[in-house]
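Peer 1: Handing over model_38.cif, mmCIF, C-alpha atoms and all ligand atoms.
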data_upload
loop_
_atom_site.label_atom_id
_atom_site.label_comp_id
_atom_site.auth_asym_id
_atom_site.auth_seq_id
_atom_site.Cartn_x
_atom_site.Cartn_y
_atom_site.Cartn_z
CA MET A 24 -17.53 17.61 7.37
CA ALA A 25 -18.89 14.04 7.41
CA ASN A 26 -21.51 13.30 4.80
CA ASP A 27 -22.47 9.72 5.64
CA LYS A 28 -26.25 10.06 5.69
CA LEU A 29 -26.31 11.60 2.25
CA TYR A 30 -24.26 8.92 0.65
CA ASN A 31 -26.19 6.12 -1.02
CA ALA A 32 -23.84 3.32 -0.14
CA LYS A 33 -25.71 0.70 -2.18
CA GLN A 34 -24.37 2.26 -5.34
CA ALA A 35 -20.86 2.52 -4.03
CA LYS A 36 -18.29 0.30 -5.62
CA ASN A 37 -15.93 -1.59 -3.38
CA ASP A 38 -13.40 1.16 -3.90
CA GLU A 39 -15.18 3.33 -1.38
CA PHE A 40 -13.39 2.52 1.82
CA TYR A 41 -11.57 5.05 3.89
CA THR A 42 -8.34 5.01 5.84
CA GLN A 43 -8.47 5.65 9.56
CA TYR A 44 -6.72 8.75 10.88
CA TYR A 45 -4.56 6.85 13.35
CA ASP A 46 -3.33 4.44 10.66
CA ILE A 47 -2.12 7.42 8.62
CA GLU A 48 -0.63 9.09 11.69
CA ASN A 49 1.19 5.94 12.87
CA GLU A 50 2.70 5.33 9.45
CA VAL A 51 3.70 8.87 8.45
CA LYS A 52 5.24 9.46 11.88
CA GLU A 53 7.89 6.83 11.07
CA TYR A 54 9.20 8.74 8.03
CA PHE A 55 9.20 12.01 9.95
CA ASP A 56 10.96 10.46 12.96
CA TYR A 57 13.59 8.93 10.66
CA ASN A 58 14.18 12.22 8.88
CA HIS A 59 12.69 15.43 10.30
CA ASP A 60 13.27 17.16 6.96
CA ILE A 61 11.55 14.54 4.81
CA PHE A 62 8.57 16.82 4.10
CA ARG A 63 10.28 20.20 4.53
CA GLY A 64 9.62 22.62 1.68
CA LYS A 65 7.76 19.90 -0.24
CA THR A 66 4.50 19.88 -2.17
CA ILE A 67 2.30 16.90 -1.31
CA LEU A 68 -0.42 15.67 -3.65
CA LEU A 69 -3.28 13.51 -2.37
CA PRO A 70 -4.87 12.44 -5.69
CA CYS A 71 -7.88 10.37 -4.50
CA ASP A 72 -8.87 12.45 -1.54
CA ASP A 73 -11.93 14.50 -0.87
CA PRO A 74 -11.35 16.11 2.55
CA GLU A 75 -15.01 15.54 3.35
CA TRP A 76 -14.11 11.85 3.44
CA SER A 77 -10.39 11.54 3.50
CA ASN A 78 -8.34 11.61 6.68
CA PHE A 79 -5.21 12.02 4.55
CA THR A 80 -6.18 15.62 3.78
CA LYS A 81 -7.06 16.28 7.41
CA PHE A 82 -3.82 14.74 8.66
CA PHE A 83 -1.47 16.63 6.35
CA ALA A 84 -3.34 19.92 6.82
CA GLN A 85 -3.11 19.53 10.59
CA ASN A 86 0.61 18.77 10.37
CA PHE A 87 1.39 21.38 7.70
CA GLU A 88 3.54 23.52 9.98
CA LYS A 89 5.15 20.68 11.91
CA PHE A 90 6.28 19.06 8.65
CA GLY A 91 7.32 22.40 7.15
CA LEU A 92 5.28 21.77 3.99
CA LYS A 93 5.29 24.23 1.12
CA LYS A 94 1.95 23.22 -0.38
CA LEU A 95 -0.76 20.60 0.10
CA ILE A 96 -2.99 19.65 -2.85
CA SER A 97 -5.89 17.25 -2.47
CA THR A 98 -8.10 16.27 -5.40
CA SER A 99 -11.40 14.42 -5.41
CA TYR A 100 -13.20 12.29 -7.96
CA ALA A 101 -16.62 13.44 -9.24
CA VAL A 102 -19.65 11.68 -7.74
CA GLU A 103 -20.99 10.95 -11.21
CA SER A 104 -17.78 9.15 -12.13
CA LYS A 105 -17.94 7.23 -8.85
CA LYS A 106 -21.36 6.00 -10.08
CA ILE A 107 -23.17 7.21 -7.01
CA ASN A 108 -26.81 7.83 -7.88
CA GLU A 109 -28.46 9.29 -4.82
CA TRP A 110 -26.28 12.01 -3.53
CA GLU A 111 -26.50 15.56 -2.28
CA PRO A 112 -23.71 18.05 -1.83
CA THR A 113 -22.82 19.02 1.72
CA LEU A 114 -23.49 22.41 3.28
CA PHE A 115 -19.75 22.98 3.10
CA GLU A 116 -20.11 22.96 -0.69
CA THR A 117 -23.53 24.59 -1.20
CA GLU A 118 -22.80 27.47 1.18
CA SER A 119 -19.55 28.27 -0.58
CA PRO A 120 -19.49 31.20 -3.06
CA TYR A 121 -17.88 28.76 -5.52
CA TYR A 122 -20.83 26.35 -5.50
CA ASP A 123 -22.11 25.32 -8.93
CA ALA A 124 -25.04 22.87 -9.01
CA ASP A 125 -24.00 21.26 -12.31
CA LYS A 126 -20.30 20.97 -11.63
CA SER A 127 -21.07 19.58 -8.21
CA ARG A 128 -22.00 16.22 -9.80
CA THR A 129 -19.71 16.06 -12.77
CA ASN A 130 -16.48 17.70 -11.70
CA GLY A 131 -13.79 16.77 -9.26
CA LYS A 132 -12.59 19.30 -6.72
CA ILE A 133 -9.18 20.61 -5.84
CA PHE A 134 -8.28 21.71 -2.31
CA ILE A 135 -5.11 23.69 -1.77
CA LEU A 136 -3.30 24.79 1.36
CA ASP A 137 -0.41 27.14 0.67
CA GLU A 138 -1.24 30.41 2.41
CA ASP A 139 -2.61 31.73 5.68
CA ILE A 140 -5.99 32.68 4.22
CA ASN A 141 -7.66 33.64 7.49
CA ASN A 142 -4.62 35.58 8.69
CA ASP A 143 -4.55 33.91 12.08
CA GLY A 144 -0.79 33.47 11.89
CA ARG A 145 -1.07 29.72 11.36
CA PHE A 146 -1.28 27.36 8.40
CA ASN A 147 -3.88 24.71 9.08
CA ILE A 148 -7.04 23.02 7.86
CA ASN A 149 -8.96 26.33 8.02
CA ASP A 150 -6.72 27.65 5.26
CA LEU A 151 -7.71 24.98 2.72
CA HIS A 152 -9.33 26.69 -0.25
CA TRP A 153 -11.11 24.86 -3.02
CA SER A 154 -12.51 25.07 -6.54
CA TYR A 155 -13.89 22.69 -9.13
CA LEU A 156 -11.46 20.95 -11.44
CA GLU A 157 -12.02 21.28 -15.20
CA GLY A 158 -12.63 17.52 -15.38
CA ASP A 159 -13.84 14.75 -13.08
CA GLY A 160 -10.61 14.45 -11.05
CA ASP A 161 -9.57 11.14 -12.55
CA PHE A 162 -5.92 10.71 -11.60
CA ARG A 163 -5.31 9.64 -15.21
CA SER A 164 -6.50 13.00 -16.61
CA ASP A 165 -4.02 15.52 -17.97
CA GLU A 166 -5.22 17.95 -15.34
CA VAL A 167 -4.33 15.70 -12.37
CA LYS A 168 -1.18 14.49 -14.16
CA ALA A 169 0.02 18.10 -14.21
CA LEU A 170 -0.53 18.25 -10.44
CA ARG A 171 1.37 14.99 -10.06
CA ASP A 172 4.26 16.50 -11.96
CA GLU A 173 4.17 19.61 -9.77
CA ALA A 174 4.24 17.56 -6.54
CA ASP A 175 7.30 16.21 -4.72
CA ILE A 176 5.48 13.50 -2.77
CA ILE A 177 2.27 11.63 -3.66
CA VAL A 178 0.30 9.97 -0.90
CA THR A 179 -2.99 8.10 -0.88
CA ASN A 180 -5.03 4.95 -0.57
CA PRO A 181 -5.99 4.59 -4.25
CA PRO A 182 -8.92 2.62 -5.72
CA PHE A 183 -7.85 -1.04 -5.61
CA SER A 184 -9.94 -1.90 -8.69
CA ILE A 185 -7.51 0.09 -10.87
CA PHE A 186 -4.43 -0.51 -8.74
CA ARG A 187 -2.21 -1.41 -11.71
CA GLU A 188 -3.08 1.83 -13.49
CA TYR A 189 -2.44 3.86 -10.36
CA PHE A 190 0.87 2.13 -9.75
CA ALA A 191 2.04 2.69 -13.35
CA TRP A 192 0.97 6.36 -13.09
CA LEU A 193 2.97 6.69 -9.88
CA MET A 194 6.11 4.96 -11.18
CA GLU A 195 5.99 7.06 -14.35
CA SER A 196 6.14 10.16 -12.14
CA GLY A 197 9.41 9.14 -10.48
CA LYS A 198 8.21 10.98 -7.35
CA GLN A 199 8.48 9.98 -3.72
CA PHE A 200 5.34 8.26 -2.56
CA LEU A 201 3.44 6.49 0.16
CA MET A 202 0.43 4.36 -0.71
CA ILE A 203 -1.84 1.62 0.56
CA ALA A 204 -2.16 -1.54 -1.52
CA ASN A 205 -3.34 -5.11 -1.24
CA LYS A 206 -0.47 -7.28 -0.01
CA ASN A 207 -0.74 -9.66 -2.98
CA CYS A 208 0.38 -6.85 -5.27
CA ILE A 209 3.95 -7.70 -4.21
CA THR A 210 3.82 -10.66 -6.61
CA TYR A 211 2.45 -8.71 -9.59
CA LYS A 212 4.84 -8.57 -12.52
CA GLU A 213 4.36 -4.79 -12.58
CA VAL A 214 5.42 -4.44 -8.92
CA PHE A 215 7.89 -7.21 -8.04
CA PRO A 216 10.82 -5.90 -10.15
CA TYR A 217 10.74 -2.63 -8.17
CA ILE A 218 10.78 -4.54 -4.86
CA LYS A 219 13.60 -6.77 -6.08
CA ALA A 220 15.67 -3.76 -7.13
CA ASP A 221 14.93 -2.04 -3.78
CA LYS A 222 13.39 0.91 -5.63
CA ILE A 223 10.24 0.53 -3.53
CA TRP A 224 9.68 -1.29 -0.23
CA ALA A 225 7.17 -2.07 2.48
CA GLY A 226 6.14 0.72 4.79
CA HIS A 227 6.76 0.56 8.51
CA ARG A 228 3.55 -1.13 9.63
CA LEU A 229 3.72 -4.92 9.87
CA TRP A 230 1.24 -6.90 7.81
CA SER A 231 -0.42 -9.36 10.15
CA GLY A 232 -4.06 -8.71 11.00
CA GLY A 233 -4.67 -6.61 7.88
CA MET A 234 -5.95 -3.04 8.14
CA TRP A 235 -9.39 -1.77 9.14
CA PHE A 236 -11.14 0.76 6.91
CA GLU A 237 -14.44 2.57 7.10
CA THR A 238 -16.57 1.11 4.31
CA LYS A 239 -19.49 2.70 2.49
CA ASN A 240 -20.78 -0.66 1.30
CA PRO A 241 -23.31 -1.94 3.89
CA ASP A 242 -23.36 -5.35 2.22
CA ASP A 243 -19.71 -6.01 2.97
CA VAL A 244 -19.08 -5.15 6.61
CA ASP A 245 -16.85 -7.09 9.02
CA GLU A 246 -17.57 -5.10 12.18
CA VAL A 247 -19.58 -2.10 13.29
CA VAL A 248 -17.57 0.13 15.63
CA ASP A 249 -19.42 3.03 17.29
CA GLY A 250 -22.02 2.88 14.52
CA VAL A 251 -19.39 2.97 11.76
CA ASN A 252 -19.19 0.11 9.24
CA MET A 253 -15.68 -1.31 9.14
CA LYS A 254 -14.01 -3.70 6.75
CA ASN A 255 -10.77 -5.62 7.27
CA ILE A 256 -8.52 -5.82 4.22
CA PRO A 257 -5.10 -7.50 3.83
CA ALA A 258 -3.66 -4.09 3.04
CA ILE A 259 -0.08 -2.87 3.37
CA TRP A 260 1.84 0.36 2.94
CA LEU A 261 4.26 0.67 0.04
CA THR A 262 6.77 3.46 -0.29
CA ASN A 263 10.09 4.67 -1.63
CA MET A 264 10.74 6.86 1.42
CA ASP A 265 13.12 5.66 4.10
CA HIS A 266 12.17 4.54 7.57
CA GLU A 267 14.18 2.85 10.30
CA ARG A 268 13.03 -0.72 9.85
CA HIS A 269 14.06 -0.73 6.19
CA HIS A 270 17.64 -0.82 7.51
CA GLU A 271 17.12 -3.12 10.48
CA PRO A 272 18.50 -6.66 9.93
CA LEU A 273 16.33 -9.54 11.07
CA LYS A 274 17.50 -11.31 14.22
CA LEU A 275 17.83 -14.97 13.29
CA MET A 276 19.21 -18.30 14.51
CA THR A 277 21.70 -20.64 12.87
CA MET A 278 20.44 -23.58 10.83
CA GLU A 279 21.46 -25.99 13.57
CA ARG A 280 19.58 -24.07 16.24
CA ASN A 281 16.51 -23.79 14.05
CA LEU A 282 16.46 -27.54 13.42
CA LYS A 283 16.74 -28.16 17.16
CA HIS A 284 14.73 -25.34 18.69
CA SER A 285 12.48 -23.68 16.11
CA LYS A 286 8.99 -22.92 17.42
CA HIS A 287 7.66 -24.24 14.09
CA LYS A 288 6.91 -27.95 13.99
CA GLU A 289 7.66 -28.03 10.23
CA ILE A 290 11.32 -27.30 11.07
CA ARG A 291 11.95 -28.53 14.62
CA GLY A 292 13.35 -32.07 14.88
CA LYS A 293 14.20 -32.36 11.17
CA ASN A 294 17.66 -33.26 9.89
CA GLU A 295 17.60 -30.59 7.22
CA TYR A 296 15.38 -28.03 5.53
CA ASP A 297 13.26 -29.28 2.61
CA LYS A 298 14.64 -28.67 -0.87
CA TYR A 299 12.48 -27.71 -3.82
CA VAL A 300 11.90 -30.36 -6.45
CA ASN A 301 11.87 -27.77 -9.21
CA TYR A 302 14.52 -25.23 -8.15
CA ASP A 303 17.87 -25.43 -6.40
CA ALA A 304 16.94 -23.78 -3.10
CA ILE A 305 15.75 -24.70 0.38
CA GLU A 306 12.21 -24.10 1.58
CA VAL A 307 11.88 -21.75 4.58
CA PRO A 308 8.19 -21.61 5.44
CA TYR A 309 8.49 -18.77 7.99
CA THR A 310 10.56 -15.60 7.93
CA ASP A 311 11.75 -16.16 11.51
CA ALA A 312 13.04 -19.61 10.50
CA ILE A 313 15.55 -18.22 7.99
CA PRO A 314 18.92 -19.77 8.97
CA GLU A 315 21.36 -16.92 9.47
CA ASP A 316 24.39 -19.00 8.48
CA TYR A 317 23.06 -20.43 5.20
CA ASN A 318 24.73 -19.00 2.10
CA GLY A 319 22.65 -20.69 -0.58
CA ILE A 320 19.33 -19.62 -2.07
CA MET A 321 16.23 -19.85 0.15
CA GLY A 322 12.52 -19.61 -0.65
CA VAL A 323 10.48 -17.56 1.84
CA PRO A 324 6.80 -16.51 2.04
CA ILE A 325 5.88 -13.16 0.48
CA SER A 326 5.35 -11.72 3.98
CA PHE A 327 9.18 -11.71 4.22
CA ILE A 328 8.96 -8.40 2.37
CA GLU A 329 7.44 -6.69 5.42
CA LYS A 330 10.78 -7.18 7.24
CA TYR A 331 13.12 -7.18 4.26
CA CYS A 332 16.39 -5.39 4.98
CA PRO A 333 18.31 -5.03 1.69
CA ASP A 334 21.63 -4.74 3.54
CA GLN A 335 21.08 -8.25 4.94
CA PHE A 336 19.54 -10.16 2.00
CA GLU A 337 19.39 -9.95 -1.76
CA ILE A 338 16.20 -10.89 -3.59
CA ILE A 339 16.90 -13.38 -6.37
CA GLY A 340 13.42 -13.81 -7.83
CA ILE A 341 9.98 -15.28 -7.39
CA GLY A 342 8.44 -18.72 -8.00
CA LEU A 343 6.19 -17.28 -10.65
CA GLU A 344 9.24 -16.49 -12.78
CA LEU A 345 11.73 -19.17 -11.75
CA ALA A 346 9.92 -22.39 -10.86
CA ASP A 347 10.83 -25.10 -13.39
CA MET A 348 7.47 -26.56 -14.34
CA ASP A 349 8.78 -29.07 -16.88
CA ILE A 350 10.03 -31.19 -13.98
CA ILE A 351 6.61 -31.05 -12.33
CA ARG A 352 4.77 -31.83 -15.56
CA GLU A 353 7.00 -34.85 -16.05
CA LYS A 354 6.46 -36.11 -12.50
CA LEU A 355 2.74 -35.42 -12.29
CA GLY A 356 1.81 -35.89 -15.92
CA LYS A 357 -0.20 -32.64 -15.67
CA LEU A 358 -0.08 -29.15 -14.16
CA ASP A 359 -2.48 -27.60 -11.68
CA GLY A 360 -2.17 -23.83 -11.84
CA GLY A 361 0.75 -21.57 -12.64
CA PRO A 362 4.45 -21.77 -11.76
CA ARG A 363 5.15 -22.54 -8.09
CA PHE A 364 7.77 -24.33 -6.08
CA TYR A 365 7.10 -27.91 -4.96
CA ILE A 366 8.55 -30.06 -2.20
CA GLU A 367 8.33 -33.83 -1.92
CA GLN A 368 7.06 -35.38 1.30
CA ASN A 369 6.45 -39.12 1.78
CA GLY A 370 6.60 -39.60 -1.98
CA GLU A 371 3.97 -36.93 -2.57
CA LEU A 372 4.54 -33.63 -4.41
CA ILE A 373 3.26 -30.63 -2.47
CA ARG A 374 2.57 -27.34 -4.24
CA LEU A 375 3.56 -24.41 -2.01
CA TYR A 376 2.20 -20.90 -1.78
CA GLU A 377 4.10 -18.28 -3.73
CA ARG A 378 7.71 -17.97 -2.55
CA ILE A 379 10.32 -15.27 -2.92
CA LEU A 380 13.91 -16.41 -3.36
CA ILE A 381 16.53 -14.69 -1.26
CA GLN A 382 20.20 -15.06 -0.49
CA LYS A 383 22.29 -13.69 2.33
CA ARG A 384 24.50 -10.80 1.33
CA GLN A 385 28.01 -12.13 1.50
CA ASN A 386 29.38 -9.22 3.54
CA ILE A 387 26.97 -10.05 6.40
CA LEU A 388 28.01 -12.65 8.96
C1 LIG B 1 -9.98 3.30 -1.40
S1 LIG B 1 -10.73 4.89 -1.52
C2 LIG B 1 -9.69 5.79 -0.46
C3 LIG B 1 -10.09 7.18 -0.23
C4 LIG B 1 -9.07 7.99 0.59
N1 LIG B 1 -7.82 8.07 -0.16
C5 LIG B 1 -8.84 7.33 1.92
O1 LIG B 1 -7.91 6.56 2.06
O2 LIG B 1 -9.60 7.57 2.86
C6 LIG B 1 -10.28 5.37 -3.17
C7 LIG B 1 -10.92 6.65 -3.64
O3 LIG B 1 -10.51 6.91 -4.98
C8 LIG B 1 -11.64 7.37 -5.74
N2 LIG B 1 -11.40 7.03 -7.16
C9 LIG B 1 -11.89 5.98 -7.87
N3 LIG B 1 -11.44 6.03 -9.14
C10 LIG B 1 -10.68 7.14 -9.23
C11 LIG B 1 -9.95 7.74 -10.30
N4 LIG B 1 -9.91 7.18 -11.50
N5 LIG B 1 -9.29 8.90 -10.04
C12 LIG B 1 -9.29 9.46 -8.81
N6 LIG B 1 -9.97 8.93 -7.76
C13 LIG B 1 -10.65 7.79 -7.97
C14 LIG B 1 -12.79 6.60 -5.15
O4 LIG B 1 -14.01 7.25 -5.44
C15 LIG B 1 -12.43 6.59 -3.65
O5 LIG B 1 -12.96 7.72 -3.02
#
Can the structure from this file be put into structure tokens for me?

Peer 2:
Amino acid sequence: MANDKLYNAKQAKNDEFYTQYYDIENEVKEYFDYNHDIFRGKTILLPCDDPEWSNFTKFFAQNFEKFGLKKLISTSYAVESKKINEWEPTLFETESPYYDADKSRTNGKIFILDEDINNDGRFNINDLHWSYLEGDGDFRSDEVKALRDEADIIVTNPPFSIFREYFAWLMESGKQFLMIANKNCITYKEVFPYIKADKIWAGHRLWSGGMWFETKNPDDVDEVVDGVNMKNIPAIWLTNMDHERHHEPLKLMTMERNLKHSKHKEIRGKNEYDKYVNYDAIEVPYTDAIPEDYNGIMGVPISFIEKYCPDQFEIIGIGLELADMDIIREKLGKLDGGPRFYIEQNGELIRLYERILIQKRQNIL
């Protein structure tokens, strides 16, 4: 159902990038493998997903029976609201008895899979039926909110430009979810408290290398693969559904071994780990350099969250909230930027990247 040629990408905002099928498959597989009943009897809503573009719809429709789903709902955002000027509906739409030339531009669409429409004894993508929504399909509309409230699980890669609104909408729902987000969102004041409280966590996929998406913006392309414009984004999965790695403790070395044998030159050969000037904690610049036998508070990079096992560590806070900047102001006579932890090296104060403070759970050796 691809519609690439008809899409005037120049008008597309940077929100128009699309998740690859295998990224969705590799991630969702982890939740299913961990719990074969995770999706059984559930209604899934994909609230930013036109099946003509979105592999999420395709993936869940194709796995409808395997997952034992009750209902799949996928809604799309109207082209007019997306601010796409040159656009034509696909044959899929115009050849449908439901086609309406006016609504085609101004209204969102809803696709539902909940019955064996073609009576072939199977539930699959051929059983998706659609109609226009009353409104433009904005996830913030009452119409899509009602679908959110009907659903058990909400899955998508939402528009990053209104990430905070999407996240608030999702948290307000209290539903299970899986979403793609920019990795920096971990530090947002709207998101971090949920991570700290272990109400939401990183998905299974590790963060390094970012994720590749198909982009509709020809002016912002990192690679062309088989004629398809691709963009690399430091994106991560966020969820409140369980997967194996969420319960897998990190394998670490003692402090002594790290100081002797760490592969990181910032640690190896030192007498001790650096201490922050403006907080009572040690600086651990790499997750794999966390000393397993240290009971005090440690600052780690935000990428720690990708491997965070709440049974092993407790999250204490974040530099943004806890760094004491009065000490820094006094020492430097000025402040450059917001709250961060500093270390002192050769008499010089060094401002670090954002750090998350953690402490070993006392019941773990
Ligand atoms: C990053 S893209 C991802 C699309 C699809 N979920 C995927 O991963 O392939 C986000 C989509 O959300 C749509 N969108 C933008 N604002 C929206 C809104 N307020 N409500 C619903 N969808 C919106 C965009 O047009 C875009 O198609």

Peer 1: At a cut-off of 7 Å, can you tabulate as a Markdown table every residue of chain A near ligand LIG 1 (chain B) together with its closest atom pair and the distance in Å to one decimal, using all atoms listed in the file and ordering rows by chain then number?

Peer 2:
| residue | atom | partner | partner_atom | distance |
| --- | --- | --- | --- | --- |
| A:Asp38 | CA | B:LIG1 | C1 | 4.7 |
| A:Glu39 | CA | B:LIG1 | S1 | 4.7 |
| A:Phe40 | CA | B:LIG1 | C1 | 4.8 |
| A:Tyr41 | CA | B:LIG1 | O2 | 3.4 |
| A:Thr42 | CA | B:LIG1 | O1 | 4.1 |
| A:Pro70 | CA | B:LIG1 | C12 | 6.2 |
| A:Cys71 | CA | B:LIG1 | N6 | 4.1 |
| A:Asp72 | CA | B:LIG1 | N1 | 4.7 |
| A:Trp76 | CA | B:LIG1 | O2 | 6.2 |
| A:Ser77 | CA | B:LIG1 | O2 | 4.1 |
| A:Asn78 | CA | B:LIG1 | O2 | 5.7 |
| A:Phe79 | CA | B:LIG1 | O2 | 6.5 |
| A:Ser99 | CA | B:LIG1 | N6 | 6.1 |
| A:Tyr100 | CA | B:LIG1 | N6 | 4.7 |
| A:Lys105 | CA | B:LIG1 | O4 | 5.2 |
| A:Gly160 | CA | B:LIG1 | C12 | 5.6 |
| A:Asp161 | CA | B:LIG1 | N5 | 3.4 |
| A:Phe162 | CA | B:LIG1 | N5 | 4.1 |
| A:Arg163 | CA | B:LIG1 | N4 | 6.4 |
| A:Thr179 | CA | B:LIG1 | N1 | 4.9 |
| A:Asn180 | CA | B:LIG1 | N1 | 4.2 |
| A:Pro181 | CA | B:LIG1 | C6 | 4.5 |
| A:Pro182 | CA | B:LIG1 | C6 | 4.0 |
| A:Phe183 | CA | B:LIG1 | C1 | 6.4 |

Peer 1: Please list as an MDAnalysis selection string every residue within 12 Å of Pro324 of chain A, counting all atoms listed in the file and excluding residues in the same chain fewer than 2 positions away.

Peer 2: chainID A and resid 206:207 209:210 306:313 321:322 326:331 341:342 363:364 375:381

Peer 1: Calculate how many Å separate atom CA of Pro333 of chain A from atom CA of Gly64 of chain A, rounding to one decimal.

Peer 2: 29.0 Å

Peer 1: List the neighbours of Phe200 of chain A out to 8 Å using all atoms listed in the file; skip same-chain residues closer than 5 positions along the sequence, and give me the result as an MDAnalysis selection string.

Peer 2: chainID A and resid 176:178 193 262:264

Peer 1: Show me, as a ChimeraX atom specification, the residues that have an atom within 12 Å of segment 167-170 of chain A when counting all atoms listed in the file, minus same-chain residues fewer than 3 positions from it.

Peer 2: /A:66-71,94-100,131-135,156-164,173-177,189,192-193,195-196,198

Peer 1: Between A:Tyr155, A:Leu275, A:Val51, A:Lys212, single out the one closest to Tyr121 of chain A, counting all atoms listed in the file.

Peer 2: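 Closest residue, counting all atoms listed in the file: A:Tyr155.
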
Peer 1: What gap, in Å, lies between atom CA of Asp56 of chain A and atom CA of His266 of chain A?

Peer 2: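 These two atoms are separated by 8.1 Å.
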
Peer 1: Give as an MDAnalysis selection string each residue that has an atom at most 12 Å from (16.8, -25.9, 13.5) in the file, counting only C-alpha atoms.

Peer 2: chainID A and resid 275:297 307 311:317

Peer 1: Could you take the residues named above and write them with C-alpha atoms, as a PDB file, in the coordinates of the input?

Peer 2:
ATOM      1  CA  LEU A 275      17.830 -14.970  13.290  1.00  0.00           C
ATOM      2  CA  MET A 276      19.210 -18.300  14.510  1.00  0.00           C
ATOM      3  CA  THR A 277      21.700 -20.640  12.870  1.00  0.00           C
ATOM      4  CA  MET A 278      20.440 -23.580  10.830  1.00  0.00           C
ATOM      5  CA  GLU A 279      21.460 -25.990  13.570  1.00  0.00           C
ATOM      6  CA  ARG A 280      19.580 -24.070  16.240  1.00  0.00           C
ATOM      7  CA  ASN A 281      16.510 -23.790  14.050  1.00  0.00           C
ATOM      8  CA  LEU A 282      16.460 -27.540  13.420  1.00  0.00           C
ATOM      9  CA  LYS A 283      16.740 -28.160  17.160  1.00  0.00           C
ATOM     10  CA  HIS A 284      14.730 -25.340  18.690  1.00  0.00           C
ATOM     11  CA  SER A 285      12.480 -23.680  16.110  1.00  0.00           C
ATOM     12  CA  LYS A 286       8.990 -22.920  17.420  1.00  0.00           C
ATOM     13  CA  HIS A 287       7.660 -24.240  14.090  1.00  0.00           C
ATOM     14  CA  LYS A 288       6.910 -27.950  13.990  1.00  0.00           C
ATOM     15  CA  GLU A 289       7.660 -28.030  10.230  1.00  0.00           C
ATOM     16  CA  ILE A 290      11.320 -27.300  11.070  1.00  0.00           C
ATOM     17  CA  ARG A 291      11.950 -28.530  14.620  1.00  0.00           C
ATOM     18  CA  GLY A 292      13.350 -32.070  14.880  1.00  0.00           C
ATOM     19  CA  LYS A 293      14.200 -32.360  11.170  1.00  0.00           C
ATOM     20  CA  ASN A 294      17.660 -33.260   9.890  1.00  0.00           C
ATOM     21  CA  GLU A 295      17.600 -30.590   7.220  1.00  0.00           C
ATOM     22  CA  TYR A 296      15.380 -28.030   5.530  1.00  0.00           C
ATOM     23  CA  ASP A 297      13.260 -29.280   2.610  1.00  0.00           C
ATOM     24  CA  VAL A 307      11.880 -21.750   4.580  1.00  0.00           C
ATOM     25  CA  ASP A 311      11.750 -16.160  11.510  1.00  0.00           C
ATOM     26  CA  ALA A 312      13.040 -19.610  10.500  1.00  0.00           C
ATOM     27  CA  ILE A 313      15.550 -18.220   7.990  1.00  0.00           C
ATOM     28  CA  PRO A 314      18.920 -19.770   8.970  1.00  0.00           C
ATOM     29  CA  GLU A 315      21.360 -16.920   9.470  1.00  0.00           C
ATOM     30  CA  ASP A 316      24.390 -19.000   8.480  1.00  0.00           C
ATOM     31  CA  TYR A 317      23.060 -20.430   5.200  1.00  0.00           C
TER      32      TYR A 317
END

Peer 1: What is the atom CA of Phe90 of chain A to atom CA of Phe62 of chain A distance in Å?

Peer 2: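 Computing it gives 5.6 Å between the two atoms.
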
Peer 1: Can you list, as a list in words, every protein, DNA or RNA residue that comes within 12 Å of Ile373 of chain A when you count all atoms listed in the file, leaving out same-chain residues fewer than 5 positions away?

Peer 2: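 The neighbour list is Asp297, Lys298, Tyr299, Val300, Asn301, Glu306, Ile351, Lys354, Leu355, Asp359, Arg363, Phe364, Tyr365, Ile366, Glu367 and Gln368 of chain A.
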
Peer 1: So which residues touch Glu88 of chain A within 8 Å, counting only C-alpha atoms, skipping near sequence neighbours fewer than 2 positions away, as a list of chain:residue names?

Peer 2: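 The filter keeps A:Gln85, A:Asn86, A:Phe90, A:Gly91, A:Leu92, A:Arg145, A:Phe146, A:Asn147.
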
Peer 1: Quick one: of A:Asp245, A:Leu345, A:Asp143, A:Ile338, who's nearest to Tyr217 of chain A, counting all atoms listed in the file?

Peer 2: A:Ile338

Peer 1: Kindly provide, as a list in words, the polymer residues lying within 10 Å of (19.1, -6.2, -10.1), counting all atoms listed in the file and using the coordinates exactly as they appear in the file.

Peer 2: Pro216, Tyr217, Ile218, Lys219, Ala220, Asp221, Glu337, Ile338, Ile339 and Gly340 of chain A

Peer 1: Could I get segment 114-125 of chain A from the block written as a PDB file, in the first residue's frame, with C-alpha atoms?

Peer 2:
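Final output, saved to selection-v4.pdb:
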ATOM      1  CA  LEU A 114      -6.201   3.645  -4.851  1.00  0.00           C
ATOM      2  CA  PHE A 115      -6.814   1.713  -1.651  1.00  0.00           C
ATOM      3  CA  GLU A 116      -8.833   4.699  -0.449  1.00  0.00           C
ATOM      4  CA  THR A 117     -10.446   5.961  -3.664  1.00  0.00           C
ATOM      5  CA  GLU A 118     -11.604   2.495  -4.744  1.00  0.00           C
ATOM      6  CA  SER A 119     -13.252   1.861  -1.408  1.00  0.00           C
ATOM      7  CA  PRO A 120     -17.056   2.293  -1.132  1.00  0.00           C
ATOM      8  CA  TYR A 121     -16.335   4.486   1.916  1.00  0.00           C
ATOM      9  CA  TYR A 122     -14.274   7.026  -0.041  1.00  0.00           C
ATOM     10  CA  ASP A 123     -15.241  10.663   0.493  1.00  0.00           C
ATOM     11  CA  ALA A 124     -13.193  13.276  -1.397  1.00  0.00           C
ATOM     12  CA  ASP A 125     -13.623  15.974   1.267  1.00  0.00           C
TER      13      ASP A 125
END
